[in-house]
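Asks: This one is upload-v4.csv, CSV, C-alpha atoms.
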chain,number,residue,atom,x,y,z
A,1,MET,CA,25.7,188.7,347.3
A,2,MET,CA,27.1,190.7,350.1
A,3,ASP,CA,28.1,193.5,347.7
A,4,ALA,CA,24.6,193.5,346.2
A,5,GLY,CA,23.0,193.7,349.6
A,6,LEU,CA,25.4,196.6,350.6
A,7,LEU,CA,24.5,198.4,347.4
A,8,THR,CA,20.9,197.9,347.9
A,9,GLY,CA,21.1,199.2,351.5
A,10,GLU,CA,23.2,202.1,350.4
A,11,HIS,CA,20.7,202.9,347.7
A,12,PHE,CA,17.7,203.0,350.1
A,13,GLY,CA,19.7,205.0,352.6
A,14,ARG,CA,20.5,207.6,349.9
A,15,ALA,CA,16.8,207.7,348.9
A,16,ALA,CA,15.6,208.1,352.5
A,17,TYR,CA,18.3,210.8,353.1
A,18,GLN,CA,17.2,212.7,349.9
A,19,SER,CA,13.5,212.6,350.7
A,20,GLY,CA,14.2,213.7,354.3
A,21,ILE,CA,16.2,216.8,353.4
A,22,GLY,CA,14.1,217.7,350.3
A,23,MET,CA,17.0,217.3,347.7
A,24,ASP,CA,16.6,216.1,344.2
A,25,LYS,CA,17.1,212.4,343.9
A,26,SER,CA,19.4,212.7,340.9
A,27,SER,CA,21.9,214.9,342.8
A,28,PRO,CA,25.0,213.1,344.2
A,29,ILE,CA,25.4,212.8,347.9
A,30,THR,CA,28.7,213.5,349.4
A,31,PRO,CA,29.7,214.5,352.9
A,32,ARG,CA,30.4,218.0,351.6
A,33,HIS,CA,27.0,218.3,350.0
A,34,SER,CA,25.3,216.9,353.0
A,35,ALA,CA,27.1,219.3,355.3
A,36,SER,CA,26.4,222.3,353.1
A,37,HIS,CA,22.8,221.3,352.8
A,38,ASN,CA,22.5,220.9,356.5
A,39,GLY,CA,23.9,224.4,356.9
A,40,THR,CA,21.3,225.6,354.4
A,41,VAL,CA,18.5,224.0,356.3
A,42,GLN,CA,19.8,225.4,359.5
A,43,ARG,CA,20.1,228.9,358.0
A,44,SER,CA,16.7,228.7,356.5
A,45,THR,CA,15.2,227.5,359.7
A,46,ARG,CA,16.9,230.3,361.6
A,47,GLY,CA,15.8,232.8,359.0
A,48,GLY,CA,12.3,233.4,357.4
A,49,ASP,CA,10.9,230.0,358.2
A,50,PHE,CA,11.5,230.5,362.0
A,51,SER,CA,9.9,233.9,361.9
A,52,SER,CA,6.8,232.6,360.1
A,53,LEU,CA,6.6,229.8,362.7
A,54,LYS,CA,7.0,232.3,365.5
A,55,SER,CA,4.3,234.6,364.1
A,56,GLY,CA,1.9,231.7,363.6
A,57,LYS,CA,2.5,230.6,367.2
A,58,SER,CA,1.8,234.1,368.5
A,59,LYS,CA,-1.4,234.2,366.5
A,60,LEU,CA,-2.4,230.9,368.1
A,61,ASP,CA,-1.5,232.2,371.5
A,62,LEU,CA,-3.6,235.3,370.9
A,63,SER,CA,-6.6,233.3,369.7
A,64,ASP,CA,-6.3,230.9,372.7
A,65,ARG,CA,-6.1,233.9,375.0
A,66,ASN,CA,-9.3,235.4,373.4
A,67,LEU,CA,-11.1,232.1,373.8
A,68,SER,CA,-10.1,231.9,377.4
A,69,LEU,CA,-11.3,235.4,378.0
A,70,MET,CA,-14.6,234.6,376.4
A,71,ASP,CA,-14.9,231.4,378.4
A,72,LYS,CA,-14.3,233.3,381.6
A,73,PHE,CA,-16.8,236.0,380.6
A,74,LYS,CA,-19.4,233.3,379.9
A,75,MET,CA,-18.7,231.6,383.2
A,76,HIS,CA,-19.0,234.9,385.1
A,77,TYR,CA,-22.2,235.8,383.2
A,78,GLN,CA,-23.8,232.5,384.0
A,79,VAL,CA,-22.8,232.8,387.7
A,80,LEU,CA,-24.2,236.3,387.8
A,81,ALA,CA,-27.4,235.3,386.1
A,82,CYS,CA,-27.9,232.4,388.5
A,83,TYR,CA,-27.2,234.7,391.5
A,84,VAL,CA,-29.7,237.3,390.3
A,85,PHE,CA,-32.4,234.7,389.7
A,86,ALA,CA,-31.8,233.0,393.1
A,87,MET,CA,-31.9,236.4,394.9
A,88,GLY,CA,-35.0,237.4,393.0
A,89,GLU,CA,-36.8,234.2,393.9
A,90,ALA,CA,-35.7,234.5,397.6
A,91,ASN,CA,-37.0,238.0,397.9
A,92,TRP,CA,-40.2,237.2,396.1
A,93,LEU,CA,-40.9,234.2,398.4
A,94,SER,CA,-40.0,236.2,401.5
A,95,ALA,CA,-42.3,239.0,400.5
A,96,ILE,CA,-45.1,236.5,400.2
A,97,CYS,CA,-44.4,234.4,403.3
A,98,TYR,CA,-43.8,237.2,405.8
A,99,SER,CA,-47.1,238.2,407.3
A,100,ASN,CA,-48.0,241.8,408.0
A,101,ARG,CA,-51.3,241.1,409.8
A,102,LEU,CA,-52.0,242.6,413.1
A,103,PRO,CA,-51.1,239.9,415.7
A,104,ASP,CA,-53.6,238.7,418.2
A,105,ALA,CA,-52.6,240.0,421.7
A,106,ARG,CA,-53.5,238.1,424.8
A,107,ASP,CA,-55.6,241.0,426.2
A,108,ARG,CA,-57.0,241.9,422.8
A,109,PRO,CA,-57.8,238.7,420.9
A,110,SER,CA,-59.4,238.8,417.4
A,111,THR,CA,-62.7,237.6,418.8
A,112,LEU,CA,-63.5,240.7,420.8
A,113,GLY,CA,-66.5,241.4,418.6
A,114,GLN,CA,-67.9,238.0,419.6
A,115,ASN,CA,-67.2,238.4,423.4
A,116,PHE,CA,-68.7,241.8,423.6
A,117,GLN,CA,-71.9,242.8,421.9
A,118,LYS,CA,-71.6,246.5,422.1
A,119,ARG,CA,-68.9,248.8,420.8
A,120,GLU,CA,-69.4,251.2,423.8
A,121,GLU,CA,-68.5,248.4,426.2
A,122,LEU,CA,-65.3,247.8,424.2
A,123,GLN,CA,-64.4,251.4,424.3
A,124,ARG,CA,-64.8,251.5,428.1
A,125,ARG,CA,-62.7,248.3,428.7
A,126,LEU,CA,-59.8,248.9,426.3
A,127,VAL,CA,-57.1,251.6,426.3
A,128,LYS,CA,-57.4,253.8,423.1
A,129,THR,CA,-54.0,255.5,423.3
A,130,ASP,CA,-50.5,254.2,423.6
A,131,LYS,CA,-47.5,255.4,425.5
A,132,ASN,CA,-46.6,257.9,422.7
A,133,GLY,CA,-50.0,259.5,422.9
A,134,LEU,CA,-51.2,258.1,419.5
A,135,GLU,CA,-54.7,256.9,419.4
A,136,TRP,CA,-55.7,253.3,418.5
A,137,LYS,CA,-58.7,253.3,416.1
A,138,PHE,CA,-61.4,250.7,416.1
A,139,CYS,CA,-61.8,248.6,412.9
A,140,ASP,CA,-65.4,247.8,412.3
A,141,LYS,CA,-64.6,245.0,409.9
A,142,CYS,CA,-62.1,243.2,412.2
A,143,GLN,CA,-64.0,244.2,415.4
A,144,ARG,CA,-60.8,245.1,417.1
A,145,TYR,CA,-58.5,248.1,417.9
A,146,LYS,CA,-55.6,248.7,415.6
A,147,PRO,CA,-52.4,250.7,416.1
A,148,PRO,CA,-51.5,253.9,414.3
A,149,ARG,CA,-50.5,253.5,410.6
A,150,THR,CA,-52.3,250.1,410.6
A,151,HIS,CA,-55.1,249.9,408.0
A,152,HIS,CA,-57.6,247.3,406.8
A,153,CYS,CA,-57.2,245.6,403.5
A,154,ASP,CA,-60.4,244.4,401.8
A,155,VAL,CA,-58.5,241.9,399.6
A,156,CYS,CA,-56.5,240.3,402.5
A,157,ARG,CA,-59.5,240.8,404.9
A,158,ALA,CA,-57.2,241.8,407.7
A,159,CYS,CA,-55.5,244.8,409.3
A,160,ILE,CA,-52.0,245.3,407.9
A,161,LEU,CA,-49.2,246.8,410.1
A,162,ARG,CA,-47.9,249.9,408.4
A,163,ARG,CA,-49.8,249.2,405.3
A,164,ASP,CA,-48.2,250.6,402.1
A,165,HIS,CA,-50.3,249.0,399.3
A,166,HIS,CA,-51.7,245.8,398.1
A,167,CYS,CA,-49.5,244.3,395.3
A,168,PHE,CA,-51.4,242.2,392.8
A,169,LEU,CA,-48.1,241.1,391.2
A,170,ILE,CA,-47.1,239.0,394.2
A,171,GLY,CA,-50.6,238.6,395.6
A,172,THR,CA,-50.2,240.1,399.1
A,173,CYS,CA,-50.1,243.4,401.0
A,174,ILE,CA,-46.8,245.3,401.3
A,175,GLY,CA,-46.4,246.3,404.9
A,176,HIS,CA,-44.0,246.6,407.7
A,177,PHE,CA,-42.4,243.1,407.6
A,178,ASN,CA,-42.1,242.4,403.9
A,179,GLN,CA,-41.3,245.8,402.4
A,180,ARG,CA,-37.7,245.1,403.0
A,181,TYR,CA,-38.0,242.2,400.5
A,182,PHE,CA,-40.2,243.9,398.0
A,183,ILE,CA,-37.8,246.8,397.3
A,184,PRO,CA,-34.8,244.6,396.5
A,185,PHE,CA,-37.1,242.4,394.4
A,186,CYS,CA,-37.9,245.5,392.3
A,187,PHE,CA,-34.2,246.3,391.8
A,188,LEU,CA,-33.4,242.8,390.8
A,189,GLY,CA,-36.3,242.9,388.4
A,190,ILE,CA,-34.7,246.0,386.8
A,191,ILE,CA,-31.5,244.2,386.2
A,192,THR,CA,-33.2,241.1,384.8
A,193,SER,CA,-35.4,243.2,382.5
A,194,VAL,CA,-32.6,245.3,381.1
A,195,VAL,CA,-30.3,242.3,380.4
A,196,GLY,CA,-33.0,240.1,379.1
A,197,PHE,CA,-34.4,242.8,376.8
A,198,CYS,CA,-30.9,243.5,375.4
A,199,LEU,CA,-30.2,239.9,374.7
A,200,THR,CA,-33.6,239.3,373.2
A,201,VAL,CA,-33.2,242.3,370.8
A,202,VAL,CA,-29.7,241.1,369.8
A,203,TYR,CA,-31.1,237.6,369.0
A,204,LEU,CA,-34.0,239.1,367.1
A,205,ARG,CA,-31.6,241.1,364.9
A,206,SER,CA,-29.8,237.9,364.0
A,207,LEU,CA,-33.0,236.4,362.6
A,208,PRO,CA,-33.9,237.0,358.9
A,209,ASP,CA,-37.6,237.8,359.7
A,210,GLY,CA,-37.3,241.5,360.6
A,211,ALA,CA,-37.2,243.8,357.5
A,212,PHE,CA,-37.4,247.2,359.3
A,213,TRP,CA,-37.7,248.4,362.9
A,214,GLY,CA,-41.5,248.2,363.0
A,215,ASP,CA,-41.3,244.4,362.7
A,216,TYR,CA,-39.8,244.2,366.2
A,217,ILE,CA,-42.9,245.7,367.8
A,218,PHE,CA,-45.2,243.0,369.0
A,219,PRO,CA,-48.6,244.2,367.6
A,220,TRP,CA,-47.1,244.7,364.1
A,221,ALA,CA,-45.2,241.4,364.4
A,222,LEU,CA,-48.5,239.6,365.2
A,223,VAL,CA,-50.1,241.1,362.1
A,224,LYS,CA,-47.2,239.9,360.0
A,225,LEU,CA,-47.4,236.5,361.6
A,226,LEU,CA,-51.1,236.2,360.6
A,227,LEU,CA,-50.1,237.3,357.0
A,228,GLY,CA,-47.4,234.6,357.0
A,229,HIS,CA,-44.4,237.0,356.7
A,230,VAL,CA,-42.7,236.1,359.9
A,231,SER,CA,-42.3,233.0,361.9
A,232,TRP,CA,-44.1,232.2,365.2
A,233,ARG,CA,-40.7,232.2,367.0
A,234,PHE,CA,-40.0,235.8,365.9
A,235,CYS,CA,-43.5,236.9,367.0
A,236,LEU,CA,-43.1,235.2,370.4
A,237,LEU,CA,-39.7,236.8,371.0
A,238,THR,CA,-41.1,240.2,370.2
A,239,PHE,CA,-43.9,239.6,372.8
A,240,HIS,CA,-41.3,238.5,375.3
A,241,ALA,CA,-39.2,241.7,374.7
A,242,MET,CA,-42.3,243.8,375.2
A,243,MET,CA,-43.2,242.1,378.5
A,244,LEU,CA,-39.6,242.6,379.7
A,245,LEU,CA,-39.8,246.3,378.8
A,246,VAL,CA,-43.2,246.7,380.7
A,247,PHE,CA,-42.0,244.7,383.7
A,248,GLY,CA,-38.7,246.7,383.8
A,249,MET,CA,-40.6,250.1,383.7
A,250,MET,CA,-42.9,248.9,386.5
A,251,CYS,CA,-39.9,247.8,388.6
A,252,VAL,CA,-38.2,251.2,388.1
A,253,LEU,CA,-41.4,253.0,389.1
A,254,TYR,CA,-42.1,251.0,392.2
A,255,GLY,CA,-38.4,250.5,393.2
A,256,LEU,CA,-37.4,254.1,393.1
A,257,GLY,CA,-40.8,255.2,394.5
A,258,GLN,CA,-40.7,252.8,397.4
A,259,LEU,CA,-37.1,253.7,398.3
A,260,SER,CA,-37.8,257.4,398.3
A,261,ILE,CA,-40.9,257.1,400.6
A,262,VAL,CA,-39.1,254.7,402.9
A,263,ALA,CA,-36.3,257.3,403.3
A,264,MET,CA,-38.9,259.9,404.1
A,265,GLY,CA,-40.5,257.7,406.6
A,266,ILE,CA,-44.0,257.6,405.1
A,267,THR,CA,-46.1,255.0,403.2
A,268,LEU,CA,-47.8,255.0,399.9
A,269,TYR,CA,-51.2,254.7,401.7
A,270,GLU,CA,-50.5,257.9,403.6
A,271,VAL,CA,-49.5,259.7,400.4
A,272,ALA,CA,-52.6,258.5,398.5
A,273,LYS,CA,-54.9,259.4,401.4
A,274,LYS,CA,-53.1,262.7,402.1
A,275,VAL,CA,-52.5,261.9,405.7
A,276,ASP,CA,-50.6,264.8,407.4
A,277,VAL,CA,-47.9,262.8,409.2
A,278,LYS,CA,-44.8,264.4,410.6
A,279,VAL,CA,-41.7,262.2,410.8
A,280,THR,CA,-39.1,263.3,413.3
A,281,SER,CA,-36.4,260.6,412.6
A,282,SER,CA,-33.6,260.9,410.0
A,283,PRO,CA,-33.6,259.2,406.6
A,284,ALA,CA,-30.9,256.7,407.9
A,285,GLU,CA,-33.1,255.8,410.9
A,286,ASN,CA,-36.1,255.4,408.6
A,287,MET,CA,-34.2,253.0,406.4
A,288,ARG,CA,-33.1,251.0,409.5
A,289,ILE,CA,-36.8,250.8,410.6
A,290,VAL,CA,-37.7,249.0,407.4
A,291,PHE,CA,-34.5,247.1,406.5
A,292,GLY,CA,-32.8,246.7,409.9
A,293,ASP,CA,-29.2,247.4,410.6
A,294,TYR,CA,-26.7,247.5,407.7
A,295,TRP,CA,-29.7,248.0,405.3
A,296,LEU,CA,-27.5,247.9,402.2
A,297,VAL,CA,-26.9,244.2,402.8
A,298,ASN,CA,-30.5,243.5,401.9
A,299,PHE,CA,-29.8,244.4,398.3
A,300,LEU,CA,-27.1,241.6,398.2
A,301,PHE,CA,-29.1,238.8,399.9
A,302,PRO,CA,-32.1,238.7,402.3
A,303,GLY,CA,-30.7,239.8,405.6
A,304,GLN,CA,-33.6,239.0,407.9
A,305,ILE,CA,-31.6,236.2,409.6
A,306,LEU,CA,-28.6,238.3,410.4
A,307,PHE,CA,-30.1,241.8,410.8
A,308,LYS,CA,-33.6,241.6,412.2
A,309,GLN,CA,-36.0,244.5,412.4
A,310,ARG,CA,-36.0,246.2,415.8
A,311,HIS,CA,-39.3,247.9,415.3
A,312,ASP,CA,-42.5,246.0,415.9
A,313,GLY,CA,-44.7,248.1,413.5
A,314,MET,CA,-47.1,249.0,416.3
A,315,HIS,CA,-45.6,251.6,418.5
A,316,TRP,CA,-44.3,254.7,416.8
A,317,ASP,CA,-42.3,257.3,418.7
A,318,ASN,CA,-40.9,259.1,415.6
A,319,ILE,CA,-44.2,260.4,414.1
A,320,LYS,CA,-46.7,263.0,414.9
A,321,PHE,CA,-50.0,263.6,413.1
A,322,GLY,CA,-50.6,267.1,411.8
A,323,THR,CA,-53.6,269.3,412.5
A,324,SER,CA,-54.6,269.6,408.8
A,325,VAL,CA,-56.2,266.1,408.9
A,326,PRO,CA,-58.4,265.3,411.9
A,327,LEU,CA,-57.1,262.4,414.0
A,328,ASP,CA,-60.4,260.5,413.7
A,329,LYS,CA,-59.8,260.3,410.0
A,330,VAL,CA,-56.3,259.1,410.0
A,331,SER,CA,-57.0,255.4,410.4
A,332,VAL,CA,-60.5,255.2,409.1
A,333,GLU,CA,-60.8,253.1,406.0
Can you present the structure in this file as structure tokens?

Replies:
Amino acid sequence: MMDAGLLTGEHFGRAAYQSGIGMDKSSPITPRHSASHNGTVQRSTRGGDFSSLKSGKSKLDLSDRNLSLMDKFKMHYQVLACYVFAMGEANWLSAICYSNRLPDARDRPSTLGQNFQKREELQRRLVKTDKNGLEWKFCDKCQRYKPPRTHHCDVCRACILRRDHHCFLIGTCIGHFNQRYFIPFCFLGIITSVVGFCLTVVYLRSLPDGAFWGDYIFPWALVKLLLGHVSWRFCLLTFHAMMLLVFGMMCVLYGLGQLSIVAMGITLYEVAKKVDVKVTSSPAENMRIVFGDYWLVNFLFPGQILFKQRHDGMHWDNIKFGTSVPLDKVSVE
């Protein structure tokens, strides 16, 4: 019985050994054969099999590296997208919330028209020129005197300090205190429009609806939607791409235009009304008047808390009105 058990154990041991090293079960097993086969396995492992394993490992490492780079790119892109969106919303809200209306002074309240019945009495009681020799004009609609470069807005129903224009996109007047937020908002709008338009076009190209380039134009895409040739999603995305293109062009126009006239020290209202105003300050000083100190920081984040405007928008010592336009027509609406 012991011999049978030993033989049975030896048989199973040989079978396990043969299956482990990949030998034929019918081949005899001796220490010489096992040693030679181990050498063969070692040589084959050190030879081509090892090189193939090494190349496979390098390919896996390269793919993992590419995946890690893509993950990092996606993470950075998401962070950048969130940052641009947050800064755009912050500048948009700041442009709306900061008021440019002419403040009510203690000696010149907004109810002067109610306290005095005649305009001649107002003109006798109030000073019409400031310390720089610039005349304060009388606003018939607000019934009060207004500083130079301050103009009445019929939409806002108020006199706006250093009025530039009324923006219907954000629903308020762009003037002295919110122009520093409107210009970065336009530049952030350019970035958003360009990136959003490119991503939308790439996604549209992946859809099977577009047969030729005309299908990606919204009016034609709408016609093909009514005919049942494209899906509603494709048509909606073409409209979205068109709106991004229009918004981006508007932001380019207003952003570059506003930045250029700010550097020159003038306003869009003065350009439209052809007011002959002479600016004696440098472009850098004109930028500081609008954006405050370190004006480039405003394009990274709203810098009103750190770098406040030093100019009050009422007293101007760096401008002179020319003689080509009469002074009594400079501030008349």

Asks: Starting from the point (-58.2, 242.7, 403.4), work out which residues of protein, DNA or RNA have an atom no more than 10 Å away when counting all atoms listed in the file; state them as number ranges by chain.

Replies: A: 101, 141-142, 151-160, 166, 172-173

Asks: Would you kindly return, as an MDAnalysis selection string, each protein, DNA or RNA residue with an atom no farther than 10 Å from any atom of range 79-86 of chain A, considering only C-alpha atoms and excluding same-chain residues fewer than 4 positions away?

Replies: chainID A and resid 73:75 90:92 185 188:189 191:192 195 300:301

Asks: Report as an MDAnalysis selection string all protein, DNA and RNA residues lying within 10 Å of range 245-253 of chain A, evaluated on only C-alpha atoms, omitting residues in the same chain fewer than 4 positions from it.

Replies: chainID A and resid 183:194 196:198 239:241 257:258

Asks: Restricting the calculation to all atoms listed in the file: of A:Phe307, A:Trp316, A:Phe182, A:Phe168, which residue gets closest to Val277 in chain A?

Replies: A:Trp316

Asks: Point out the residue among A:Asp104, A:Asp164, A:Asp293, A:Asp317 with the least atom-to-atom distance to Val262 in chain A, counting all atoms listed in the file.

Replies: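 Distance minimum relative to Val262 in chain A lands on A:Asp164.
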
Asks: Could you list, as a PyMOL selection string, every residue within 12 Å of Ser260 in chain A, counting only C-alpha atoms and ignoring same-chain residues fewer than 5 positions away?

Replies: chain A and resi 183+252-255+265-268+283-284+286-287

Asks: Can you work out the spacing between CA of Ala221 in chain A and CA of Leu169 in chain A in Å, to one decimal?

Replies: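 Straight-line distance from CA of Ala221 in chain A to CA of Leu169 in chain A works out to 27.0 Å.
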
Asks: Can you work out which one of A:Tyr145, A:Trp220, A:Phe234, A:Tyr294 has the shortest atom-to-atom distance to Val201 in chain A, counting all atoms listed in the file?

Replies: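 So, comparing all the options, the nearest one is A:Phe234.
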
Asks: Between CA of Leu296 in chain A and CA of Met314 in chain A, what distance in Å does the model show, to one decimal?

Replies: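 Spanning CA of Leu296 in chain A to CA of Met314 in chain A is a straight-line distance of 24.2 Å.
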
Asks: Rank nothing, just name the residue among A:Leu102, A:Cys139, A:Val202, A:Ile96 nearest to Leu161 in chain A, using all atoms listed in the file.

Replies: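 Closest to Leu161 in chain A, using all atoms listed in the file: A:Leu102.
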
Asks: May I ask for the distance between CA of Thr238 in chain A and CA of Gly88 in chain A, given in Å to one decimal place?

Replies: 23.8 Å

Asks: Out of A:Val223, A:His229, A:Phe177, A:Ala263, which residue has the shortest atom-to-atom distance to Gly210 in chain A when counting only C-alpha atoms?

Replies: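 That would be A:His229, the residue with the smallest distance to Gly210 in chain A.
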
Asks: Which residue, A:Val275, A:Cys97, A:Leu244, A:Ile305, has the smallest gap to Ile170 in chain A when you use all atoms listed in the file?

Replies: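 Looking only at the distances to Ile170 in chain A, the closest residue turns out to be A:Cys97.
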